[in-house]
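*Asks:* Attaching a single structure in structure tokens format; questions to follow.
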Amino acid sequence: MGDSKIPVLDKGYVELQDMMGSDRTIVAAARVSYLQDSKGEQADKNLLEHLYKSGHGTPFEMAVFKFRVKTPEVVFRQWVRHRIGSFNVQSRRYTDVGEDDFYVPESWGENLHGAFERIKQDSLHIYKLAQNMGIPREQARLFLPGFAVYSTFIWTVNARSLMNFLKLRLSKGAQLEIRQYARAAWEIFEDKLPWTAESFAKKEWVKWD
Ligand SMILES: Cc1cc2nc3c(=O)[nH]c(=O)nc-3n(C[C@H](O)[C@H](O)[C@H](O)COP(=O)(O)OP(=O)(O)OC[C@H]3O[C@@H](n4cnc5c(N)ncnc54)[C@H](O)[C@@H]3O)c2cc1C
């Protein structure tokens, strides 16, 4: 697939790598209760809305997304709290941190950018020095401003759990950075499961917009 890659923050992204199912897959799963399938577009949309409103969650588990995501640690440590889903994460034991692996908020002024750049250069210098002294990467990284370091992960998640993520992380109460990632995931979700997204938005939108 790989056709939906949305840039987020200064260097991150959310990319849809693969997907199983559609709105109709969810409808068909719900209608298996009566050994039936589609009853036409409007009836199917109405059913999806009813399912979502009434908390009949399992049909939404039949559609599954596989994302590749690049986030700074400050976002990842919040994301990974979502237990219903599968993660595989880039290892900073096996890959080096380099100049371009740090998140710096755009909203910071020149002074703060300058201060961060100085800390980054100093810490990268010690990080490399420590490695040259035989310290393994996983210990050398303790010298880095770790919350800012980007890494990449794969997240496989069903539509039910994705909607839980969206509800919580699009909310105004969530940190600005993860809200931006949630926006990107929302765009992909809405594109791939438009009827489900409509049902979700009707019930939840008011909470996060
Ligand atoms: C604005 C905001 C602030 C937050 N602040 C903090 C904080 O200060 N400290 C902190 O530790 N966390 C914090 N969190 C994280 C939050 O508590 C959740 O851990 C996180 O949002 C994942 O939500 P979840 O459990 O619904 O998702 P998932 O783990 O994906 O679970 C999905 C659903 O599965 C069910 N479920 C999963 N596991 C269990 C279980 N063990 N028992 C019963 N049901 C289960 C629940 O219905 C759950 O809603 C914050 C989250 C947000 C959005």
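Here's how to read the names in the structure tokens: chain A, B, ... by the order shown, residue numbers from 1 in each chain, ligand numbers from 1 in the order shown.
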At a cut-off of 9 Å and counting only C-alpha atoms and all ligand atoms, what residues surround ligand 1? Please answer as an NGL selection string.
*Replies:* :A and (78-85 or 160-162 or 164-165 or 167-175)
*Asks:* Excluding Arg68 (chain A) and residues on its chain fewer than 6 positions from it, collect all residues at most 10 Å away from it, counting only C-alpha atoms, and give them as a list in words.
*Replies:*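 Result of the neighbour search: Gly2, Lys5, Tyr13, Val14, Glu15, Leu16, Gln17, Asp18, Phe87, Asn88, Val89, Thr152, Phe153, Ile154, Trp155 and Thr156 of chain A.
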*Asks:* Those selected residues, please, written with all heavy atoms and delivered as a compact mmCIF listing (two decimals), in the first residue's frame.
*Replies:*
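Just written: result.txt:
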# COMPACT_ATOMS: atom_id res chain seq x y z
N GLY A 2 1.24 1.76 1.22
CA GLY A 2 2.22 2.83 1.30
C GLY A 2 1.84 4.11 0.56
O GLY A 2 2.68 4.93 0.27
N LYS A 5 1.02 8.71 3.28
CA LYS A 5 2.07 9.09 4.23
C LYS A 5 1.90 10.58 4.54
O LYS A 5 2.03 11.42 3.65
CB LYS A 5 3.45 8.82 3.64
CG LYS A 5 4.59 9.11 4.59
CD LYS A 5 5.90 8.62 4.00
CE LYS A 5 7.07 8.91 4.90
NZ LYS A 5 8.33 8.35 4.39
N TYR A 13 6.11 11.37 10.75
CA TYR A 13 5.05 11.05 9.79
C TYR A 13 4.17 9.93 10.33
O TYR A 13 4.55 9.19 11.26
CB TYR A 13 5.63 10.65 8.42
CG TYR A 13 6.55 9.45 8.44
CD1 TYR A 13 6.06 8.15 8.46
CD2 TYR A 13 7.94 9.63 8.45
CE1 TYR A 13 6.92 7.06 8.48
CE2 TYR A 13 8.81 8.55 8.46
CZ TYR A 13 8.29 7.28 8.48
OH TYR A 13 9.15 6.19 8.52
N VAL A 14 3.01 9.79 9.70
CA VAL A 14 2.16 8.61 9.88
C VAL A 14 1.92 8.06 8.48
O VAL A 14 1.49 8.79 7.59
CB VAL A 14 0.80 8.98 10.52
CG1 VAL A 14 -0.11 7.75 10.58
CG2 VAL A 14 0.99 9.56 11.91
N GLU A 15 2.23 6.80 8.29
CA GLU A 15 2.08 6.18 6.97
C GLU A 15 1.24 4.92 7.10
O GLU A 15 1.52 4.08 7.97
CB GLU A 15 3.46 5.83 6.41
CG GLU A 15 3.39 5.12 5.08
CD GLU A 15 4.77 4.70 4.56
OE1 GLU A 15 5.71 4.55 5.39
OE2 GLU A 15 4.90 4.52 3.35
N LEU A 16 0.25 4.77 6.25
CA LEU A 16 -0.50 3.51 6.22
C LEU A 16 0.27 2.53 5.35
O LEU A 16 0.48 2.77 4.17
CB LEU A 16 -1.90 3.73 5.66
CG LEU A 16 -2.75 2.46 5.64
CD1 LEU A 16 -3.07 1.98 7.06
CD2 LEU A 16 -4.04 2.66 4.86
N GLN A 17 0.68 1.41 5.94
CA GLN A 17 1.46 0.44 5.17
C GLN A 17 0.60 -0.68 4.63
O GLN A 17 0.89 -1.27 3.59
CB GLN A 17 2.54 -0.17 6.06
CG GLN A 17 3.70 0.77 6.29
CD GLN A 17 4.98 0.01 6.53
OE1 GLN A 17 4.98 -0.95 7.29
NE2 GLN A 17 6.05 0.43 5.90
N ASP A 18 -0.44 -1.00 5.37
CA ASP A 18 -1.27 -2.13 4.96
C ASP A 18 -2.61 -2.01 5.67
O ASP A 18 -2.72 -1.32 6.69
CB ASP A 18 -0.58 -3.44 5.35
CG ASP A 18 -0.95 -4.59 4.41
OD1 ASP A 18 -1.90 -4.41 3.61
OD2 ASP A 18 -0.31 -5.64 4.49
N PHE A 87 2.97 -3.41 18.60
CA PHE A 87 4.06 -2.47 18.29
C PHE A 87 5.34 -3.22 17.96
O PHE A 87 5.64 -4.23 18.60
CB PHE A 87 4.38 -1.59 19.51
CG PHE A 87 3.32 -0.58 19.85
CD1 PHE A 87 2.24 -0.93 20.67
CD2 PHE A 87 3.39 0.72 19.38
CE1 PHE A 87 1.27 0.00 21.00
CE2 PHE A 87 2.42 1.67 19.71
CZ PHE A 87 1.36 1.30 20.53
N ASN A 88 6.08 -2.71 17.02
CA ASN A 88 7.48 -3.10 16.86
C ASN A 88 8.28 -1.82 16.62
O ASN A 88 7.90 -1.03 15.75
CB ASN A 88 7.66 -4.07 15.68
CG ASN A 88 8.56 -5.22 16.06
OD1 ASN A 88 8.14 -6.14 16.75
ND2 ASN A 88 9.83 -5.13 15.67
N VAL A 89 9.34 -1.64 17.39
CA VAL A 89 9.96 -0.32 17.49
C VAL A 89 11.44 -0.36 17.10
O VAL A 89 12.15 -1.30 17.47
CB VAL A 89 9.84 0.21 18.95
CG1 VAL A 89 10.27 1.67 19.04
CG2 VAL A 89 8.44 0.03 19.48
N THR A 152 11.22 5.18 14.89
CA THR A 152 10.18 4.71 13.98
C THR A 152 9.60 3.41 14.52
O THR A 152 10.34 2.59 15.07
CB THR A 152 10.79 4.48 12.58
OG1 THR A 152 11.34 5.73 12.13
CG2 THR A 152 9.77 4.00 11.57
N PHE A 153 8.29 3.27 14.39
CA PHE A 153 7.68 2.01 14.85
C PHE A 153 6.55 1.58 13.92
O PHE A 153 6.03 2.38 13.14
CB PHE A 153 7.19 2.14 16.30
CG PHE A 153 6.09 3.14 16.54
CD1 PHE A 153 4.77 2.78 16.51
CD2 PHE A 153 6.41 4.48 16.82
CE1 PHE A 153 3.75 3.71 16.75
CE2 PHE A 153 5.40 5.42 17.06
CZ PHE A 153 4.07 5.02 17.02
N ILE A 154 6.23 0.30 14.03
CA ILE A 154 5.09 -0.25 13.31
C ILE A 154 3.97 -0.45 14.33
O ILE A 154 4.22 -0.95 15.43
CB ILE A 154 5.44 -1.63 12.68
CG1 ILE A 154 6.66 -1.52 11.76
CG2 ILE A 154 4.23 -2.22 11.95
CD1 ILE A 154 6.45 -0.70 10.52
N TRP A 155 2.78 -0.04 13.96
CA TRP A 155 1.62 -0.17 14.85
C TRP A 155 0.49 -0.83 14.08
O TRP A 155 0.02 -0.28 13.09
CB TRP A 155 1.20 1.21 15.35
CG TRP A 155 0.12 1.24 16.39
CD1 TRP A 155 0.01 0.44 17.48
CD2 TRP A 155 -0.99 2.16 16.45
NE1 TRP A 155 -1.09 0.80 18.23
CE2 TRP A 155 -1.73 1.84 17.62
CE3 TRP A 155 -1.44 3.21 15.65
CZ2 TRP A 155 -2.88 2.55 18.00
CZ3 TRP A 155 -2.57 3.91 16.03
CH2 TRP A 155 -3.28 3.58 17.19
N THR A 156 0.13 -2.02 14.53
CA THR A 156 -1.01 -2.70 13.92
C THR A 156 -2.16 -2.64 14.91
O THR A 156 -2.02 -3.02 16.07
CB THR A 156 -0.65 -4.16 13.57
OG1 THR A 156 0.41 -4.13 12.62
CG2 THR A 156 -1.82 -4.90 12.97
*Asks:* List the spatial neighbours of region 47-52 of chain A as an MDAnalysis selection string - criterion: any atom at most 12 Å away, only C-alpha atoms, same-chain residues fewer than 2 positions off excluded.
*Replies:* chainID A and resid 22:31 37:45 54:61 159:160 163:164 193:204
*Asks:* One decimal, in Å: what's the spacing between CA of Val69 (chain A) and CA of Val149 (chain A)?
*Replies:*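 CA of Val69 (chain A) sits 13.7 Å away from CA of Val149 (chain A).
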*Asks:* Figure out the distance between CA of Arg92 (chain A) and CA of Arg183 (chain A), please, to one decimal in Å.
*Replies:*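 So the two atoms, CA of Arg183 (chain A) and CA of Arg92 (chain A), lie 27.0 Å apart.
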*Asks:* How would you write, as an MDAnalysis selection string, the set of residues in region 13-175 of chain A that DSSP gives as helix (DSSP H, G or I)?
*Replies:* chainID A and resid 23:34 41:54 58:62 73:79 110:132 137:143 146:148 159:169
*Asks:* Could you pull out the strand (DSSP E or B) residues of region 130-195 of chain A, going by DSSP on the backbone, and write them as a PyMOL selection string?
*Replies:* chain A and resi 149-158
